[in-house]
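Below is model_2.cif, which holds mmCIF, C-alpha atoms.
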data_run
loop_
_atom_site.group_PDB
_atom_site.id
_atom_site.type_symbol
_atom_site.label_atom_id
_atom_site.label_comp_id
_atom_site.auth_asym_id
_atom_site.auth_seq_id
_atom_site.Cartn_x
_atom_site.Cartn_y
_atom_site.Cartn_z
ATOM 1 C CA MET F 30 25.948 -9.208 18.737
ATOM 2 C CA THR F 31 22.354 -10.386 19.116
ATOM 3 C CA ASP F 32 21.781 -14.107 18.925
ATOM 4 C CA PRO F 33 20.184 -14.753 15.513
ATOM 5 C CA HIS F 34 17.869 -17.320 17.130
ATOM 6 C CA ASP F 35 16.232 -14.497 19.086
ATOM 7 C CA ASN F 36 14.898 -13.027 15.849
ATOM 8 C CA PRO F 37 13.882 -15.505 13.123
ATOM 9 C CA TYR F 38 13.769 -12.653 10.615
ATOM 10 C CA ALA F 39 17.319 -11.502 11.247
ATOM 11 C CA SER F 40 20.581 -12.468 9.616
ATOM 12 C CA PRO F 41 23.712 -11.460 11.531
ATOM 13 C CA SER F 42 25.829 -11.153 8.431
ATOM 14 C CA LEU F 43 23.466 -8.510 7.012
ATOM 15 C CA GLU F 44 23.456 -6.146 9.971
ATOM 16 C CA SER F 45 25.702 -3.646 8.220
ATOM 17 C CA SER F 46 25.020 -2.259 4.770
ATOM 18 C CA THR F 47 28.761 -1.767 4.314
ATOM 19 C CA ILE F 48 29.529 -5.506 4.176
ATOM 20 C CA PRO F 49 30.606 -6.504 0.648
ATOM 21 C CA ALA F 50 27.957 -8.322 -1.369
ATOM 22 C CA SER F 51 30.250 -11.343 -1.767
ATOM 23 C CA GLU F 52 30.115 -11.909 1.989
ATOM 24 C CA VAL F 53 26.339 -11.684 2.322
ATOM 25 C CA SER F 54 25.083 -13.058 -0.968
ATOM 26 C CA GLU F 55 23.968 -16.458 0.348
ATOM 27 C CA ASP F 56 22.043 -15.005 3.294
ATOM 28 C CA ALA F 57 20.659 -12.206 1.161
ATOM 29 C CA VAL F 58 19.422 -14.574 -1.548
ATOM 30 C CA TRP F 59 17.742 -16.848 1.018
ATOM 31 C CA ILE F 60 15.994 -13.958 2.783
ATOM 32 C CA ARG F 61 14.946 -12.208 -0.438
ATOM 33 C CA GLN F 62 13.492 -15.392 -1.888
ATOM 34 C CA LYS F 63 11.585 -15.988 1.347
ATOM 35 C CA TYR F 64 9.953 -12.543 1.403
ATOM 36 C CA ILE F 65 9.788 -11.623 -2.283
ATOM 37 C CA GLY F 66 6.104 -12.605 -2.466
ATOM 38 C CA VAL F 67 5.129 -10.345 0.432
ATOM 39 C CA GLU F 68 7.320 -7.589 -1.006
ATOM 40 C CA THR F 69 5.474 -7.876 -4.325
ATOM 41 C CA THR F 70 2.109 -7.664 -2.546
ATOM 42 C CA ILE F 71 3.119 -4.444 -0.795
ATOM 43 C CA ARG F 72 4.355 -2.952 -4.060
ATOM 44 C CA ALA F 73 1.046 -3.860 -5.676
ATOM 45 C CA ILE F 74 -0.871 -2.128 -2.870
ATOM 46 C CA GLY F 75 1.235 0.963 -3.507
ATOM 47 C CA GLY F 76 0.283 0.770 -7.172
ATOM 48 C CA LEU F 77 -3.414 0.529 -6.279
ATOM 49 C CA LEU F 78 -3.105 3.610 -4.085
ATOM 50 C CA PHE F 79 -1.725 5.483 -7.095
ATOM 51 C CA VAL F 80 -4.989 4.589 -8.849
ATOM 52 C CA ALA F 81 -7.040 5.454 -5.762
ATOM 53 C CA CYS F 82 -5.642 8.984 -5.595
ATOM 54 C CA LEU F 83 -6.851 9.842 -9.106
ATOM 55 C CA PRO F 84 -10.643 10.211 -8.454
ATOM 56 C CA PRO F 85 -10.267 12.613 -5.486
ATOM 57 C CA ALA F 86 -7.639 14.558 -7.441
ATOM 58 C CA VAL F 87 -10.009 14.992 -10.393
ATOM 59 C CA VAL F 88 -12.915 15.916 -8.102
ATOM 60 C CA ALA F 89 -10.769 18.423 -6.209
ATOM 61 C CA LEU F 90 -9.467 20.101 -9.360
ATOM 62 C CA GLY F 91 -12.974 20.368 -10.798
ATOM 63 C CA GLY F 92 -14.379 21.730 -7.550
ATOM 64 C CA ILE F 93 -11.611 24.285 -7.116
ATOM 65 C CA ARG F 94 -12.098 25.390 -10.729
ATOM 66 C CA ASP F 95 -15.796 25.937 -10.064
ATOM 67 C CA ALA F 96 -15.022 27.749 -6.819
ATOM 68 C CA LEU F 97 -12.797 30.180 -8.695
ATOM 69 C CA GLY F 98 -15.713 31.247 -10.857
ATOM 70 C CA TYR F 99 -15.570 28.985 -13.880
ATOM 71 C CA GLY F 100 -18.612 26.929 -12.906
ATOM 72 C CA ASP F 101 -21.900 27.161 -11.076
ATOM 73 C CA ILE F 102 -20.750 27.586 -7.454
ATOM 74 C CA GLN F 103 -22.513 30.466 -5.681
ATOM 75 C CA HIS F 104 -20.296 33.088 -4.008
ATOM 76 C CA SER F 105 -22.173 32.686 -0.715
ATOM 77 C CA ASN F 106 -20.813 29.158 -0.410
ATOM 78 C CA LEU F 107 -17.352 29.929 -1.756
ATOM 79 C CA THR F 108 -15.452 29.479 1.522
ATOM 80 C CA ASN F 109 -17.100 26.159 2.342
ATOM 81 C CA VAL F 110 -16.543 24.873 -1.165
ATOM 82 C CA ILE F 111 -12.867 25.822 -1.124
ATOM 83 C CA ILE F 112 -12.391 24.114 2.252
ATOM 84 C CA LEU F 113 -14.177 20.984 1.033
ATOM 85 C CA PHE F 114 -12.259 20.563 -2.192
ATOM 86 C CA THR F 115 -8.949 21.550 -0.628
ATOM 87 C CA SER F 116 -9.498 18.728 1.869
ATOM 88 C CA ILE F 117 -10.200 16.341 -0.988
ATOM 89 C CA ALA F 118 -7.025 17.520 -2.730
ATOM 90 C CA LEU F 119 -5.032 16.884 0.447
ATOM 91 C CA LEU F 120 -6.514 13.381 0.589
ATOM 92 C CA ALA F 121 -5.338 12.728 -2.963
ATOM 93 C CA ILE F 122 -1.863 14.062 -2.146
ATOM 94 C CA GLY F 123 -1.747 11.913 0.997
ATOM 95 C CA LEU F 124 -2.667 8.774 -0.950
ATOM 96 C CA PHE F 125 -0.059 9.622 -3.576
ATOM 97 C CA MET F 126 2.690 10.069 -0.978
ATOM 98 C CA LEU F 127 1.617 6.881 0.810
ATOM 99 C CA ALA F 128 1.762 4.963 -2.466
ATOM 100 C CA ILE F 129 5.324 6.159 -3.036
ATOM 101 C CA GLY F 130 6.283 5.262 0.531
ATOM 102 C CA LEU F 131 4.876 1.738 0.278
ATOM 103 C CA ARG F 132 6.510 1.014 -3.056
ATOM 104 C CA ARG F 133 9.851 2.245 -1.704
ATOM 105 C CA PHE F 134 9.344 0.461 1.631
ATOM 106 C CA HIS F 135 9.839 3.626 3.642
ATOM 107 C CA PRO F 136 9.435 2.786 7.361
ATOM 108 C CA LEU F 137 7.137 5.776 7.924
ATOM 109 C CA ALA F 138 4.665 4.433 5.341
ATOM 110 C CA ARG F 139 3.936 1.108 7.043
ATOM 111 C CA ILE F 140 1.608 2.280 9.842
ATOM 112 C CA PRO F 141 -0.291 4.825 7.669
ATOM 113 C CA GLY F 142 -0.672 2.042 5.109
ATOM 114 C CA ALA F 143 -2.162 -0.259 7.749
ATOM 115 C CA VAL F 144 -4.491 2.521 8.943
ATOM 116 C CA THR F 145 -5.608 3.113 5.346
ATOM 117 C CA MET F 146 -6.399 -0.584 4.947
ATOM 118 C CA ALA F 147 -8.351 -0.531 8.225
ATOM 119 C CA VAL F 148 -10.405 2.469 7.064
ATOM 120 C CA MET F 149 -11.069 0.797 3.718
ATOM 121 C CA LEU F 150 -12.131 -2.380 5.520
ATOM 122 C CA ALA F 151 -14.523 -0.480 7.787
ATOM 123 C CA ALA F 152 -16.010 1.360 4.801
ATOM 124 C CA THR F 153 -16.388 -1.874 2.838
ATOM 125 C CA LEU F 154 -18.166 -3.667 5.685
ATOM 126 C CA PHE F 155 -20.336 -0.730 6.713
ATOM 127 C CA LEU F 156 -21.402 0.547 3.302
ATOM 128 C CA GLY F 157 -21.148 -2.571 1.170
ATOM 129 C CA TRP F 158 -22.950 -5.083 3.389
ATOM 130 C CA ARG F 159 -25.774 -5.543 0.858
ATOM 131 C CA TRP F 160 -23.374 -7.298 -1.518
ATOM 132 C CA TRP F 161 -22.099 -9.588 1.248
ATOM 133 C CA PHE F 162 -20.360 -12.171 -0.963
ATOM 134 C CA PHE F 163 -18.600 -9.618 -3.143
ATOM 135 C CA THR F 164 -17.634 -7.272 -0.323
ATOM 136 C CA GLY F 165 -16.704 -10.239 1.876
ATOM 137 C CA THR F 166 -14.077 -11.235 -0.657
ATOM 138 C CA ILE F 167 -12.750 -7.678 -0.797
ATOM 139 C CA ALA F 168 -12.753 -7.463 3.004
ATOM 140 C CA ALA F 169 -10.710 -10.680 3.206
ATOM 141 C CA VAL F 170 -8.060 -9.146 0.939
ATOM 142 C CA GLU F 171 -8.009 -5.939 2.986
ATOM 143 C CA ILE F 172 -7.611 -7.944 6.200
ATOM 144 C CA TYR F 173 -4.725 -9.875 4.657
ATOM 145 C CA VAL F 174 -2.934 -6.688 3.569
ATOM 146 C CA PHE F 175 -3.542 -5.131 6.988
ATOM 147 C CA TYR F 176 -2.077 -8.237 8.622
ATOM 148 C CA ILE F 177 1.003 -8.084 6.409
ATOM 149 C CA LEU F 178 1.670 -4.426 7.154
ATOM 150 C CA ILE F 179 1.084 -4.643 10.890
ATOM 151 C CA GLY F 180 2.727 -8.027 11.473
ATOM 152 C CA LYS F 181 6.312 -9.214 11.796
ATOM 153 C CA GLN F 182 6.730 -9.735 8.056
ATOM 154 C CA GLY F 183 5.834 -6.115 7.370
ATOM 155 C CA GLN F 184 8.100 -4.885 10.160
ATOM 156 C CA PHE F 185 11.006 -6.810 8.690
ATOM 157 C CA ILE F 186 10.406 -5.807 5.073
ATOM 158 C CA PHE F 187 10.328 -2.123 6.083
ATOM 159 C CA SER F 188 13.466 -2.490 8.217
ATOM 160 C CA LYS F 189 16.970 -1.255 7.403
ATOM 161 C CA GLU F 190 18.167 -4.844 7.290
ATOM 162 C CA TYR F 191 15.820 -5.704 4.450
ATOM 163 C CA VAL F 192 16.918 -2.568 2.611
ATOM 164 C CA THR F 193 20.410 -4.062 2.711
ATOM 165 C CA VAL F 194 19.061 -7.397 1.470
ATOM 166 C CA ARG F 195 17.361 -5.738 -1.511
ATOM 167 C CA ARG F 196 20.496 -3.722 -2.268
ATOM 168 C CA HIS F 197 22.562 -6.899 -2.519
ATOM 169 C CA THR F 198 19.996 -8.923 -4.511
ATOM 170 C CA PRO F 199 18.713 -6.721 -7.350
ATOM 171 C CA HIS F 200 18.797 -9.754 -9.657
ATOM 172 C CA ILE F 201 16.074 -11.606 -7.733
ATOM 173 C CA LYS F 202 12.633 -11.075 -9.237
ATOM 174 C CA TYR F 203 9.253 -12.455 -8.273
ATOM 175 C CA ARG F 204 8.174 -15.320 -10.520
ATOM 176 C CA ALA F 205 4.774 -16.923 -10.240
ATOM 177 C CA SER F 206 2.985 -19.633 -12.192
ATOM 178 C CA GLY F 207 0.318 -18.654 -14.701
ATOM 179 C CA LEU F 208 -2.485 -19.698 -12.337
ATOM 180 C CA ALA F 209 -0.933 -17.842 -9.405
ATOM 181 C CA SER F 210 -0.516 -14.723 -11.546
ATOM 182 C CA LEU F 211 -4.170 -14.909 -12.646
ATOM 183 C CA MET F 212 -5.343 -15.304 -9.049
ATOM 184 C CA LEU F 213 -3.162 -12.364 -7.975
ATOM 185 C CA ILE F 214 -4.653 -10.180 -10.715
ATOM 186 C CA VAL F 215 -8.209 -11.154 -9.708
ATOM 187 C CA VAL F 216 -7.494 -10.404 -6.034
ATOM 188 C CA PHE F 217 -6.105 -6.955 -6.709
ATOM 189 C CA VAL F 218 -8.838 -6.112 -9.214
ATOM 190 C CA LEU F 219 -11.344 -6.920 -6.471
ATOM 191 C CA LEU F 220 -9.418 -4.749 -4.043
ATOM 192 C CA ALA F 221 -9.322 -1.900 -6.569
ATOM 193 C CA ILE F 222 -13.085 -2.195 -7.037
ATOM 194 C CA GLY F 223 -13.462 -2.274 -3.284
ATOM 195 C CA MET F 224 -12.003 1.209 -3.082
ATOM 196 C CA PHE F 225 -15.121 2.469 -4.877
ATOM 197 C CA VAL F 226 -17.812 0.086 -3.585
ATOM 198 C CA PRO F 227 -18.549 2.297 -0.545
ATOM 199 C CA ALA F 228 -19.540 5.074 -2.942
ATOM 200 C CA ILE F 229 -22.236 2.920 -4.552
ATOM 201 C CA PRO F 230 -25.688 3.937 -3.216
#

What is this file in structure tokens?
Amino acid sequence: MTDPHDNPYASPSLESSTIPASEVSEDAVWIRQKYIGVETTIRAIGGLLFVACLPPAVVALGGIRDALGYGDIQHSNLTNVIILFTSIALLAIGLFMLAIGLRRFHPLARIPGAVTMAVMLAATLFLGWRWWFFTGTIAAVEIYVFYILIGKQGQFIFSKEYVTVRRHTPHIKYRASGLASLMLIVVFVLLAIGMFVPAIP
């Protein structure tokens, strides 16, 4: 068995998901309480991606409708229009699937989630530089989320071990003070706005 001191995120009594909850409850409670805040942040990012997939979905549906002859799209451009709006639809589907993966802590969603945050950060800095204070705040949040997903905390939360921890501690919920909750809401509202800032001319 691996020495638990080699991995500060590991708990040897939680290595197997078949261990009865009574034998792992103390370790599970300690670990869950330690990472519940980060877990909540990742879930919130998943929720924001659900919101982010709506605009491209609406645009794609409207464009495809027009391409099929119910709007003003010319037949000479039909192929290009279909390709364009199909790509947008695939983007919406990708964001939707990524949102589900992040909220369920699927291991395959962690790296795409980090890449998405990196792309959003690049877009925010490149296209929103005129509003440096506002976009700087958004960029700081995006950097923080990227750091969580790519770092050791993210690796652990998306691991099989943490799945076992969550399975044994369904009673533990994230509780924050009123001020902390308000600050969290403000941060994620800014991040949600940041998803659309690059589109502002």

Please write the residues picked by the PyMOL selection byres ((chain F and resi 149) around 9) on this file as a count of residues only.
-> 15

Report as a PyMOL selection string the residues that result from applying the PyMOL selection byres ((chain F and resi 107-123) around 10) to the structure here.
-> chain F and resi 78-79+81-98+102-106+124-129+141

How many Å lie between CA of Leu131 (chain F) and CA of Ile71 (chain F), rounded to one decimal?
-> 6.5 Å

Between CA of Val174 (chain F) and CA of Val67 (chain F), measure the distance and give it in Å to one decimal.
->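 CA of Val174 (chain F) sits 9.4 Å away from CA of Val67 (chain F).
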
Exactly which residues make up the result of the PyMOL selection byres ((chain F and resi 65) around 10) on this file, given as a compact mmCIF listing (two decimals) with C-alpha atoms, in the frame of the given file?
# COMPACT_ATOMS: atom_id res chain seq x y z
CA ILE F 60 15.99 -13.96 2.78
CA ARG F 61 14.95 -12.21 -0.44
CA GLN F 62 13.49 -15.39 -1.89
CA LYS F 63 11.58 -15.99 1.35
CA TYR F 64 9.95 -12.54 1.40
CA GLY F 66 6.10 -12.60 -2.47
CA VAL F 67 5.13 -10.34 0.43
CA GLU F 68 7.32 -7.59 -1.01
CA THR F 69 5.47 -7.88 -4.32
CA THR F 70 2.11 -7.66 -2.55
CA ILE F 71 3.12 -4.44 -0.80
CA ILE F 186 10.41 -5.81 5.07
CA ARG F 195 17.36 -5.74 -1.51
CA ILE F 201 16.07 -11.61 -7.73
CA LYS F 202 12.63 -11.08 -9.24
CA TYR F 203 9.25 -12.46 -8.27
CA ARG F 204 8.17 -15.32 -10.52

Between CA of His200 (chain F) and CA of Ile179 (chain F) - distance in Å to one decimal =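 It comes out at 27.6 Å.
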